[in-house]
Each structure stands twice: as C-alpha cells, then as structure tokens.
There are 2 protein chains.
Amino acid sequence: MPHTPVNLADKLSRITEHWSPRIVGALNGQEIKLAKLQGTFVWHSHPDADELFLVIRGRLDLHLRDGVVSLSEGEFYIVPRGVEHLPVADEECEVLLLEPAGTVNTGDAGGERTVEDPAWL
Amino acid sequence: MPHTPVNLADKLSRITEHWSPRIVGALNGQEIKLAKLQGTFVWHSHPDADELFLVIRGRLDLHLRDGVVSLSEGEFYIVPRGVEHLPVADEECEVLLLEPAGTVNTGDAGGERTVEDPAWL
C-alpha cells in the first residue's frame with residue numbers, strides 16, 4: 001500500500017481559477033483546502049465555523065469590521081466563527097484553508113461566487 | 001482591538017527543545033502546534049485522533065507498519081486515527097501539527113517523552 005505525501009506546490013500548480021477552493025485533505029471532521037485568490041471577495045461570516053487562512057505565497061489582507069489583518073507568506077490567522085471578514089488580495093496569492101468539512105466559501109452571504117461543493121484535488 | 005497574524009518562522013525560532021510541541025492556534029476543537037524534531041521518536045498511535053504533519057523546514061520520515069512516508073518541505077501527510085507511526089528525522093526538521101485539542105504526543109505509548117500539557121507559544 002503506497003503512502004503518498006501531499007505536496008502543496010504541486011497541488012497549487014493545478015489550480016487555475018481564483019476563489020475556488022479545492023480539498024486536499026480531511027481529518028477529524030475538518031478539511032484542508034488550497035486556493036488561489038486575487039482581487040476582492042465578498043463580506044461574509046461562518047456562524048458555526050472557525051476558519052484558518054495560511055498564506056503559502058504572496059500576501060492576503062483579511063478585512064474585519066474593526067481592522068485589517070495583513071498576512072504574508074508563512075503567516076496564518078484564524079477568523080473566529082461569526083466574525084465578518086472580507087479577503088482581499090491585491091496580487092494573486094496562494095493560501096491553505098482549514099475549516100469544518102462542508103463549510104461554504106461565501107458563508108452566510110451566498111451569491112454567485114459560492115462554491116457549494118468544492119472538489120478534491 | 002489588534003488582530004495579529006501568527007508567523008510560523010518567528011514562533012519556530014523560539015522553540016529550543018526537540019519533540020516538545022507548542023500550541024500556536026486553536027479552532028473547531030483542533031489545535032495547531034509547532035515542533036522541532038530530531039532523531040527517532042517512539043512508535044505510537046492515537047485511537048481517536050487523525051494527525052496531520054506538515055514539514056515547514058527539513059525532512060521527516062513517518063514510518064508506518066507497512067511503509068514509510070518521506071516528507072519534504074511543503075509536504076503533509078495525515079496519519080489516520082489508530083495507525084501506528086514512528087516519526088524519524090535524521091537531521092533537525094520543523095513541522096506544523098494539526099490534531100484534536102488535548103492529543104498527547106506519545107499517544108497510547110506513553111513513557112518519558114510524553115508532554116502531557118503542551119504550552120502555548
């Protein structure tokens with residue numbers, strides 16, 4: 001039985017769309033996702049899900065209602081459940097997300113940028 | 001209210017002991033830990049906890065009873081609950097761990113290398 005590591009760079013190289021998280025791991029009811037982000041997303045929150053953003057490459061600003069968290073490569077931030085946030089990437093960045101399985105990218109906001117059922121990569 | 005990112009390199013630079021995970025984040029009942037590993041640990045498993053190892057720097061071999069997973073920088077592997085594993089680092093490596101809050105480093109093996117209550121860093 002082969003045991004294969006997940007290589008973040010390899011997986012990210014296969015992502016072509018922005019704001020479309022892909023699942024690369026699952027454990028303890030959580031999912032590990034990778035995404036490429038560029039531009040401004042939508043304000044939203046996740047009522048029942050804390051969400052971790054770890055920047056793998058580039059920079060990401062997480063706007064909150066009372067401030068901004070600016071993340072560089074190798075930095076993470078956990079947005080607590082229920083806290084409104086707006087991800088903004090002035091240039092393309094690559095991020096690792098950790099959140100409960102089934103968490104939807106646009107949270108309570110919905111709308112056309114929602115990815116209901118992200119695929120495994 | 002300041003919102004401060006967690007910088008992995010900064011946190012890792014403050015770790016001086018091997019095989020002594022430190023907590024740097026918590027979400028959804030899980031904990032994010034950082035550790036420096038060098039040498040051979042002990043065979044163990046976690047009956048109720050899937051455990052993710054992500055290599056931040058260096059290399060880590062996860063020996064399983066039916067094979068070895070060799071992880072390089074930027075690679076992760078999830079050891080499923082109940083699966084015996086033996087982490088081995090020929091040279092010092094730095095890893096990020098993700099597992100349920102309260103998971104003990106030596107799992108069901110116990111012994112002198114157990115860290116019962118890892119501290120926040």
# chains A, B, ... in the order shown; residues from 1 in each chain; ligands from 1
>>> interface_residues(of="chain A", to="chain B", cutoff="7 Å", atoms="only C-alpha atoms", output="list in words")
His3, Thr4, Pro5, Val6, Asn7, Leu8, Leu27, Asn28, Ala49, Asp50, Val69, Leu71, Gly74, Glu75, Phe76 and Tyr77 of chain A
>>> select_by_dssp(residues="chain B", states="helix (DSSP H, G or I)", output="PyMOL selection string")
chain B and resi 8-13
>>> calpha_fit_and_write(fixed="chain B", moving="chain A", output="short mmCIF file (atom, residue, chain, number, x, y, z; two decimals) with N, CA and C atoms, in the first residue's frame")
data_model
loop_
_atom_site.label_atom_id
_atom_site.label_comp_id
_atom_site.auth_asym_id
_atom_site.auth_seq_id
_atom_site.Cartn_x
_atom_site.Cartn_y
_atom_site.Cartn_z
N MET A 1 -8.88 47.09 18.78
CA MET A 1 -8.48 45.70 19.04
C MET A 1 -7.50 45.26 17.95
N PRO A 2 -6.29 44.91 18.33
CA PRO A 2 -5.32 44.50 17.31
C PRO A 2 -5.58 43.05 16.85
N HIS A 3 -5.38 42.82 15.60
CA HIS A 3 -5.50 41.46 15.06
C HIS A 3 -4.13 41.07 14.54
N THR A 4 -3.53 40.11 15.18
CA THR A 4 -2.13 39.79 14.89
C THR A 4 -2.02 38.44 14.21
N PRO A 5 -1.35 38.40 13.05
CA PRO A 5 -1.11 37.11 12.41
C PRO A 5 -0.11 36.29 13.22
N VAL A 6 -0.14 34.99 13.02
CA VAL A 6 0.87 34.11 13.61
C VAL A 6 1.92 33.83 12.54
N ASN A 7 3.15 34.21 12.82
CA ASN A 7 4.26 34.00 11.88
C ASN A 7 4.98 32.70 12.25
N LEU A 8 4.92 31.72 11.36
CA LEU A 8 5.47 30.40 11.68
C LEU A 8 6.97 30.47 11.99
N ALA A 9 7.71 31.21 11.18
CA ALA A 9 9.17 31.28 11.39
C ALA A 9 9.50 31.93 12.73
N ASP A 10 8.78 33.00 13.06
CA ASP A 10 9.01 33.66 14.35
C ASP A 10 8.75 32.70 15.50
N LYS A 11 7.63 32.01 15.42
CA LYS A 11 7.29 31.08 16.51
C LYS A 11 8.32 29.96 16.60
N LEU A 12 8.70 29.41 15.44
CA LEU A 12 9.65 28.29 15.47
C LEU A 12 11.01 28.72 16.02
N SER A 13 11.37 29.98 15.79
CA SER A 13 12.67 30.45 16.28
C SER A 13 12.74 30.45 17.80
N ARG A 14 11.58 30.39 18.44
CA ARG A 14 11.54 30.42 19.90
C ARG A 14 11.49 29.02 20.51
N ILE A 15 11.47 28.01 19.67
CA ILE A 15 11.45 26.63 20.18
C ILE A 15 12.88 26.11 20.30
N THR A 16 13.22 25.64 21.48
CA THR A 16 14.59 25.20 21.71
C THR A 16 14.68 23.69 21.93
N GLU A 17 13.58 23.06 22.34
CA GLU A 17 13.60 21.63 22.63
C GLU A 17 13.09 20.82 21.45
N HIS A 18 13.64 19.63 21.28
CA HIS A 18 13.10 18.71 20.29
C HIS A 18 11.95 17.89 20.89
N TRP A 19 11.01 17.50 20.01
CA TRP A 19 9.91 16.61 20.39
C TRP A 19 9.02 17.21 21.47
N SER A 20 8.91 18.53 21.49
CA SER A 20 8.08 19.18 22.50
C SER A 20 7.15 20.18 21.82
N PRO A 21 6.02 19.70 21.32
CA PRO A 21 5.12 20.56 20.54
C PRO A 21 4.61 21.74 21.36
N ARG A 22 4.45 22.87 20.70
CA ARG A 22 3.89 24.06 21.33
C ARG A 22 2.67 24.49 20.54
N ILE A 23 1.64 24.91 21.25
CA ILE A 23 0.38 25.30 20.61
C ILE A 23 0.48 26.73 20.08
N VAL A 24 0.06 26.93 18.83
CA VAL A 24 0.06 28.28 18.26
C VAL A 24 -1.32 28.69 17.72
N GLY A 25 -2.28 27.80 17.78
CA GLY A 25 -3.62 28.16 17.32
C GLY A 25 -4.63 27.10 17.71
N ALA A 26 -5.90 27.50 17.81
CA ALA A 26 -6.96 26.56 18.14
C ALA A 26 -8.21 26.95 17.37
N LEU A 27 -8.85 25.95 16.79
CA LEU A 27 -10.11 26.20 16.07
C LEU A 27 -10.89 24.92 15.94
N ASN A 28 -12.20 25.04 16.12
CA ASN A 28 -13.11 23.92 15.91
C ASN A 28 -12.69 22.66 16.67
N GLY A 29 -12.19 22.84 17.87
CA GLY A 29 -11.81 21.69 18.68
C GLY A 29 -10.45 21.11 18.34
N GLN A 30 -9.78 21.73 17.38
CA GLN A 30 -8.45 21.25 16.97
C GLN A 30 -7.39 22.22 17.49
N GLU A 31 -6.15 21.73 17.51
CA GLU A 31 -5.03 22.62 17.84
C GLU A 31 -3.98 22.58 16.74
N ILE A 32 -3.40 23.75 16.46
CA ILE A 32 -2.26 23.87 15.57
C ILE A 32 -1.03 23.92 16.48
N LYS A 33 -0.08 23.05 16.23
CA LYS A 33 1.12 23.00 17.04
C LYS A 33 2.35 23.10 16.14
N LEU A 34 3.43 23.60 16.71
CA LEU A 34 4.71 23.62 16.01
C LEU A 34 5.71 22.82 16.83
N ALA A 35 6.62 22.15 16.14
CA ALA A 35 7.64 21.37 16.85
C ALA A 35 8.91 21.29 16.03
N LYS A 36 10.02 21.17 16.75
CA LYS A 36 11.29 20.81 16.12
C LYS A 36 11.57 19.36 16.47
N LEU A 37 11.92 18.59 15.47
CA LEU A 37 12.14 17.16 15.66
C LEU A 37 13.55 16.81 15.20
N GLN A 38 14.20 15.95 15.95
CA GLN A 38 15.49 15.43 15.51
C GLN A 38 15.71 14.08 16.16
N GLY A 39 16.10 13.10 15.35
CA GLY A 39 16.32 11.75 15.85
C GLY A 39 15.09 10.88 15.68
N THR A 40 14.99 9.87 16.52
CA THR A 40 13.91 8.87 16.41
C THR A 40 12.98 8.99 17.61
N PHE A 41 11.66 9.07 17.34
CA PHE A 41 10.68 9.18 18.42
C PHE A 41 10.30 7.78 18.90
N VAL A 42 9.07 7.55 19.27
CA VAL A 42 8.61 6.23 19.73
C VAL A 42 7.40 5.82 18.88
N TRP A 43 7.28 4.52 18.65
CA TRP A 43 6.08 4.01 17.98
C TRP A 43 4.86 4.30 18.85
N HIS A 44 3.83 4.82 18.23
CA HIS A 44 2.59 5.08 18.98
C HIS A 44 1.45 5.29 18.01
N SER A 45 0.24 5.31 18.54
CA SER A 45 -0.92 5.69 17.73
C SER A 45 -1.87 6.49 18.61
N HIS A 46 -2.80 7.15 17.95
CA HIS A 46 -3.82 7.94 18.65
C HIS A 46 -5.18 7.33 18.29
N PRO A 47 -5.79 6.63 19.22
CA PRO A 47 -7.02 5.88 18.90
C PRO A 47 -8.15 6.76 18.35
N ASP A 48 -8.21 8.01 18.81
CA ASP A 48 -9.36 8.85 18.44
C ASP A 48 -8.96 10.11 17.70
N ALA A 49 -7.74 10.17 17.18
CA ALA A 49 -7.27 11.41 16.58
C ALA A 49 -6.52 11.16 15.29
N ASP A 50 -7.04 11.72 14.18
CA ASP A 50 -6.24 11.82 12.96
C ASP A 50 -5.22 12.94 13.20
N GLU A 51 -4.01 12.77 12.66
CA GLU A 51 -2.93 13.72 12.95
C GLU A 51 -2.23 14.13 11.66
N LEU A 52 -2.19 15.43 11.44
CA LEU A 52 -1.53 15.96 10.23
C LEU A 52 -0.12 16.44 10.57
N PHE A 53 0.84 16.04 9.75
CA PHE A 53 2.22 16.52 9.82
C PHE A 53 2.51 17.31 8.55
N LEU A 54 2.84 18.59 8.69
CA LEU A 54 3.26 19.42 7.55
C LEU A 54 4.69 19.87 7.81
N VAL A 55 5.60 19.54 6.90
CA VAL A 55 7.00 19.92 7.10
C VAL A 55 7.21 21.36 6.64
N ILE A 56 7.69 22.18 7.56
CA ILE A 56 7.98 23.59 7.27
C ILE A 56 9.44 23.74 6.81
N ARG A 57 10.32 22.95 7.39
CA ARG A 57 11.74 23.01 7.02
C ARG A 57 12.36 21.64 7.26
N GLY A 58 13.20 21.19 6.34
CA GLY A 58 13.89 19.92 6.51
C GLY A 58 13.09 18.75 5.97
N ARG A 59 13.37 17.58 6.51
CA ARG A 59 12.72 16.36 6.04
C ARG A 59 12.29 15.51 7.24
N LEU A 60 11.19 14.79 7.07
CA LEU A 60 10.68 13.92 8.14
C LEU A 60 10.23 12.60 7.52
N ASP A 61 10.67 11.51 8.12
CA ASP A 61 10.16 10.19 7.71
C ASP A 61 9.13 9.72 8.72
N LEU A 62 7.96 9.40 8.23
CA LEU A 62 6.93 8.80 9.09
C LEU A 62 6.90 7.31 8.78
N HIS A 63 7.48 6.53 9.68
CA HIS A 63 7.44 5.09 9.49
C HIS A 63 6.07 4.57 9.92
N LEU A 64 5.50 3.75 9.07
CA LEU A 64 4.24 3.07 9.37
C LEU A 64 4.56 1.57 9.36
N ARG A 65 3.65 0.75 9.83
CA ARG A 65 3.97 -0.67 9.92
C ARG A 65 4.12 -1.29 8.53
N ASP A 66 3.55 -0.65 7.52
CA ASP A 66 3.62 -1.21 6.16
C ASP A 66 4.29 -0.28 5.16
N GLY A 67 5.14 0.62 5.65
CA GLY A 67 5.83 1.50 4.71
C GLY A 67 6.36 2.74 5.40
N VAL A 68 6.92 3.63 4.60
CA VAL A 68 7.45 4.89 5.11
C VAL A 68 6.94 6.02 4.24
N VAL A 69 6.52 7.10 4.87
CA VAL A 69 6.18 8.32 4.15
C VAL A 69 7.30 9.32 4.38
N SER A 70 7.98 9.71 3.30
CA SER A 70 9.08 10.67 3.41
C SER A 70 8.56 12.04 3.01
N LEU A 71 8.58 12.95 3.98
CA LEU A 71 8.03 14.29 3.77
C LEU A 71 9.16 15.31 3.63
N SER A 72 9.07 16.11 2.57
CA SER A 72 9.98 17.23 2.39
C SER A 72 9.24 18.52 2.71
N GLU A 73 9.99 19.61 2.68
CA GLU A 73 9.41 20.93 2.94
C GLU A 73 8.19 21.17 2.04
N GLY A 74 7.10 21.63 2.65
CA GLY A 74 5.90 21.92 1.87
C GLY A 74 5.05 20.70 1.58
N GLU A 75 5.31 19.61 2.29
CA GLU A 75 4.51 18.40 2.09
C GLU A 75 3.86 17.99 3.42
N PHE A 76 2.63 17.46 3.31
CA PHE A 76 1.98 16.97 4.53
C PHE A 76 1.46 15.57 4.33
N TYR A 77 1.20 14.92 5.46
CA TYR A 77 0.59 13.60 5.46
C TYR A 77 -0.32 13.52 6.68
N ILE A 78 -1.45 12.87 6.51
CA ILE A 78 -2.38 12.70 7.62
C ILE A 78 -2.32 11.24 8.07
N VAL A 79 -1.88 11.02 9.30
CA VAL A 79 -1.88 9.67 9.88
C VAL A 79 -3.27 9.43 10.45
N PRO A 80 -4.00 8.46 9.90
CA PRO A 80 -5.36 8.22 10.40
C PRO A 80 -5.34 7.72 11.85
N ARG A 81 -6.42 7.98 12.55
CA ARG A 81 -6.54 7.51 13.93
C ARG A 81 -6.30 6.00 13.99
N GLY A 82 -5.60 5.59 15.03
CA GLY A 82 -5.38 4.17 15.24
C GLY A 82 -4.21 3.58 14.48
N VAL A 83 -3.61 4.36 13.58
CA VAL A 83 -2.50 3.84 12.78
C VAL A 83 -1.17 4.11 13.50
N GLU A 84 -0.43 3.05 13.76
CA GLU A 84 0.87 3.20 14.43
C GLU A 84 1.85 3.93 13.53
N HIS A 85 2.60 4.84 14.14
CA HIS A 85 3.60 5.57 13.36
C HIS A 85 4.80 5.91 14.24
N LEU A 86 5.92 6.07 13.56
CA LEU A 86 7.19 6.38 14.22
C LEU A 86 7.84 7.52 13.44
N PRO A 87 7.83 8.73 13.97
CA PRO A 87 8.50 9.85 13.30
C PRO A 87 10.01 9.75 13.48
N VAL A 88 10.73 9.93 12.37
CA VAL A 88 12.20 9.90 12.39
C VAL A 88 12.72 11.07 11.57
N ALA A 89 13.58 11.87 12.19
CA ALA A 89 14.22 13.00 11.49
C ALA A 89 15.72 12.82 11.59
N ASP A 90 16.36 12.48 10.47
CA ASP A 90 17.81 12.26 10.50
C ASP A 90 18.53 13.56 10.86
N GLU A 91 18.01 14.67 10.36
CA GLU A 91 18.52 15.98 10.77
C GLU A 91 17.35 16.78 11.31
N GLU A 92 17.64 17.84 12.04
CA GLU A 92 16.55 18.62 12.63
C GLU A 92 15.56 19.08 11.56
N CYS A 93 14.28 18.92 11.85
CA CYS A 93 13.26 19.47 10.96
C CYS A 93 12.24 20.23 11.79
N GLU A 94 11.47 21.06 11.09
CA GLU A 94 10.42 21.85 11.74
C GLU A 94 9.09 21.45 11.13
N VAL A 95 8.12 21.18 11.98
CA VAL A 95 6.83 20.71 11.49
C VAL A 95 5.68 21.46 12.13
N LEU A 96 4.60 21.54 11.37
CA LEU A 96 3.31 22.01 11.87
C LEU A 96 2.43 20.78 12.04
N LEU A 97 1.80 20.67 13.20
CA LEU A 97 0.90 19.56 13.50
C LEU A 97 -0.52 20.08 13.64
N LEU A 98 -1.46 19.28 13.19
CA LEU A 98 -2.87 19.59 13.42
C LEU A 98 -3.54 18.35 13.95
N GLU A 99 -4.20 18.48 15.10
CA GLU A 99 -4.82 17.33 15.74
C GLU A 99 -5.85 17.86 16.74
N PRO A 100 -6.73 16.98 17.24
CA PRO A 100 -7.72 17.45 18.20
C PRO A 100 -7.06 18.01 19.46
N ALA A 101 -7.66 19.03 20.03
CA ALA A 101 -7.16 19.60 21.28
C ALA A 101 -7.01 18.48 22.30
N GLY A 102 -5.89 18.49 23.01
CA GLY A 102 -5.68 17.50 24.06
C GLY A 102 -4.96 16.25 23.60
N THR A 103 -4.69 16.14 22.30
CA THR A 103 -3.96 14.96 21.82
C THR A 103 -2.55 14.97 22.40
N VAL A 104 -2.13 13.84 22.92
CA VAL A 104 -0.82 13.73 23.57
C VAL A 104 0.20 13.17 22.57
N ASN A 105 1.42 13.71 22.61
CA ASN A 105 2.41 13.40 21.57
C ASN A 105 2.76 11.93 21.45
N THR A 106 2.76 11.21 22.55
CA THR A 106 3.13 9.79 22.51
C THR A 106 1.92 8.87 22.39
N GLY A 107 0.72 9.45 22.30
CA GLY A 107 -0.49 8.65 22.09
C GLY A 107 -0.65 7.56 23.12
N ASP A 108 -0.88 6.34 22.62
CA ASP A 108 -1.14 5.20 23.51
C ASP A 108 0.15 4.60 24.08
N ALA A 109 1.29 5.12 23.65
CA ALA A 109 2.56 4.52 24.10
C ALA A 109 3.00 5.05 25.46
N GLY A 110 2.70 6.32 25.74
CA GLY A 110 3.14 6.92 26.99
C GLY A 110 4.65 6.95 27.10
N GLY A 111 5.15 6.98 28.32
CA GLY A 111 6.60 6.95 28.52
C GLY A 111 7.19 8.32 28.78
N GLU A 112 8.50 8.32 28.92
CA GLU A 112 9.19 9.51 29.41
C GLU A 112 9.17 10.68 28.42
N ARG A 113 8.85 10.41 27.18
CA ARG A 113 8.87 11.49 26.19
C ARG A 113 7.49 12.15 26.06
N THR A 114 6.58 11.74 26.91
CA THR A 114 5.24 12.31 26.87
C THR A 114 5.24 13.76 27.36
N VAL A 115 4.57 14.63 26.59
CA VAL A 115 4.31 16.00 27.03
C VAL A 115 2.80 16.09 27.26
N GLU A 116 2.42 16.03 28.54
CA GLU A 116 1.01 15.90 28.88
C GLU A 116 0.21 17.13 28.49
N ASP A 117 0.80 18.28 28.68
CA ASP A 117 0.01 19.51 28.59
C ASP A 117 0.85 20.58 27.90
N PRO A 118 0.97 20.49 26.55
CA PRO A 118 1.85 21.41 25.84
C PRO A 118 1.42 22.87 26.05
N ALA A 119 2.41 23.74 26.16
CA ALA A 119 2.13 25.15 26.42
C ALA A 119 1.89 25.89 25.11
N TRP A 120 1.16 26.99 25.21
CA TRP A 120 1.02 27.92 24.10
C TRP A 120 2.35 28.64 23.90
N LEU A 121 2.61 28.97 22.66
CA LEU A 121 3.82 29.70 22.32
C LEU A 121 3.42 31.06 21.77
#
>>> select_by_dssp(residues="chain A", states="strand (DSSP E or B)", output="PyMOL selection string")
chain A and resi 6-7+18+22-27+30-40+44+51-57+60-64+67-71+75-79+85-100+120
>>> decode(residues="range 39-68 of chain A", atoms="N, CA and C atoms", output="compact mmCIF listing (two decimals), in the first residue's frame")
# COMPACT_ATOMS: atom_id res chain seq x y z
N GLY A 39 -7.84 39.77 -6.09
CA GLY A 39 -8.91 40.76 -6.10
C GLY A 39 -9.65 40.78 -4.78
N THR A 40 -10.89 41.22 -4.83
CA THR A 40 -11.71 41.41 -3.62
C THR A 40 -12.85 40.40 -3.61
N PHE A 41 -13.01 39.69 -2.47
CA PHE A 41 -14.08 38.70 -2.37
C PHE A 41 -15.36 39.39 -1.88
N VAL A 42 -16.15 38.74 -1.07
CA VAL A 42 -17.39 39.34 -0.54
C VAL A 42 -17.36 39.25 1.00
N TRP A 43 -17.94 40.25 1.64
CA TRP A 43 -18.10 40.18 3.09
C TRP A 43 -18.98 38.99 3.45
N HIS A 44 -18.54 38.21 4.41
CA HIS A 44 -19.35 37.08 4.87
C HIS A 44 -18.85 36.60 6.21
N SER A 45 -19.62 35.73 6.83
CA SER A 45 -19.15 35.05 8.04
C SER A 45 -19.67 33.62 8.02
N HIS A 46 -19.09 32.81 8.89
CA HIS A 46 -19.49 31.41 9.02
C HIS A 46 -19.98 31.23 10.46
N PRO A 47 -21.29 31.11 10.64
CA PRO A 47 -21.84 31.09 12.01
C PRO A 47 -21.28 29.97 12.88
N ASP A 48 -20.95 28.84 12.28
CA ASP A 48 -20.55 27.67 13.08
C ASP A 48 -19.15 27.18 12.77
N ALA A 49 -18.34 28.00 12.10
CA ALA A 49 -17.03 27.51 11.67
C ALA A 49 -15.95 28.55 11.89
N ASP A 50 -14.94 28.20 12.72
CA ASP A 50 -13.71 28.97 12.75
C ASP A 50 -12.95 28.62 11.47
N GLU A 51 -12.25 29.60 10.90
CA GLU A 51 -11.60 29.39 9.60
C GLU A 51 -10.16 29.90 9.65
N LEU A 52 -9.25 29.01 9.31
CA LEU A 52 -7.82 29.38 9.30
C LEU A 52 -7.37 29.69 7.88
N PHE A 53 -6.66 30.80 7.73
CA PHE A 53 -6.02 31.19 6.47
C PHE A 53 -4.51 31.18 6.70
N LEU A 54 -3.79 30.34 5.95
CA LEU A 54 -2.32 30.32 5.98
C LEU A 54 -1.83 30.70 4.60
N VAL A 55 -1.02 31.75 4.51
CA VAL A 55 -0.52 32.19 3.20
C VAL A 55 0.70 31.37 2.82
N ILE A 56 0.60 30.71 1.68
CA ILE A 56 1.71 29.90 1.15
C ILE A 56 2.60 30.76 0.25
N ARG A 57 1.99 31.66 -0.49
CA ARG A 57 2.75 32.54 -1.40
C ARG A 57 1.99 33.84 -1.55
N GLY A 58 2.71 34.96 -1.54
CA GLY A 58 2.08 36.25 -1.75
C GLY A 58 1.59 36.87 -0.45
N ARG A 59 0.60 37.74 -0.58
CA ARG A 59 0.06 38.46 0.58
C ARG A 59 -1.47 38.46 0.52
N LEU A 60 -2.08 38.45 1.69
CA LEU A 60 -3.55 38.48 1.77
C LEU A 60 -3.96 39.42 2.90
N ASP A 61 -4.89 40.31 2.59
CA ASP A 61 -5.48 41.15 3.63
C ASP A 61 -6.84 40.60 4.01
N LEU A 62 -7.01 40.34 5.29
CA LEU A 62 -8.32 39.94 5.80
C LEU A 62 -8.94 41.16 6.48
N HIS A 63 -9.88 41.78 5.80
CA HIS A 63 -10.57 42.91 6.40
C HIS A 63 -11.61 42.39 7.38
N LEU A 64 -11.60 42.98 8.56
CA LEU A 64 -12.61 42.69 9.58
C LEU A 64 -13.34 44.01 9.84
N ARG A 65 -14.45 43.96 10.53
CA ARG A 65 -15.22 45.20 10.71
C ARG A 65 -14.45 46.20 11.57
N ASP A 66 -13.50 45.72 12.35
CA ASP A 66 -12.75 46.64 13.24
C ASP A 66 -11.25 46.63 12.97
N GLY A 67 -10.86 46.27 11.75
CA GLY A 67 -9.43 46.30 11.46
C GLY A 67 -9.09 45.43 10.27
N VAL A 68 -7.80 45.33 9.99
CA VAL A 68 -7.32 44.51 8.88
C VAL A 68 -6.18 43.65 9.39
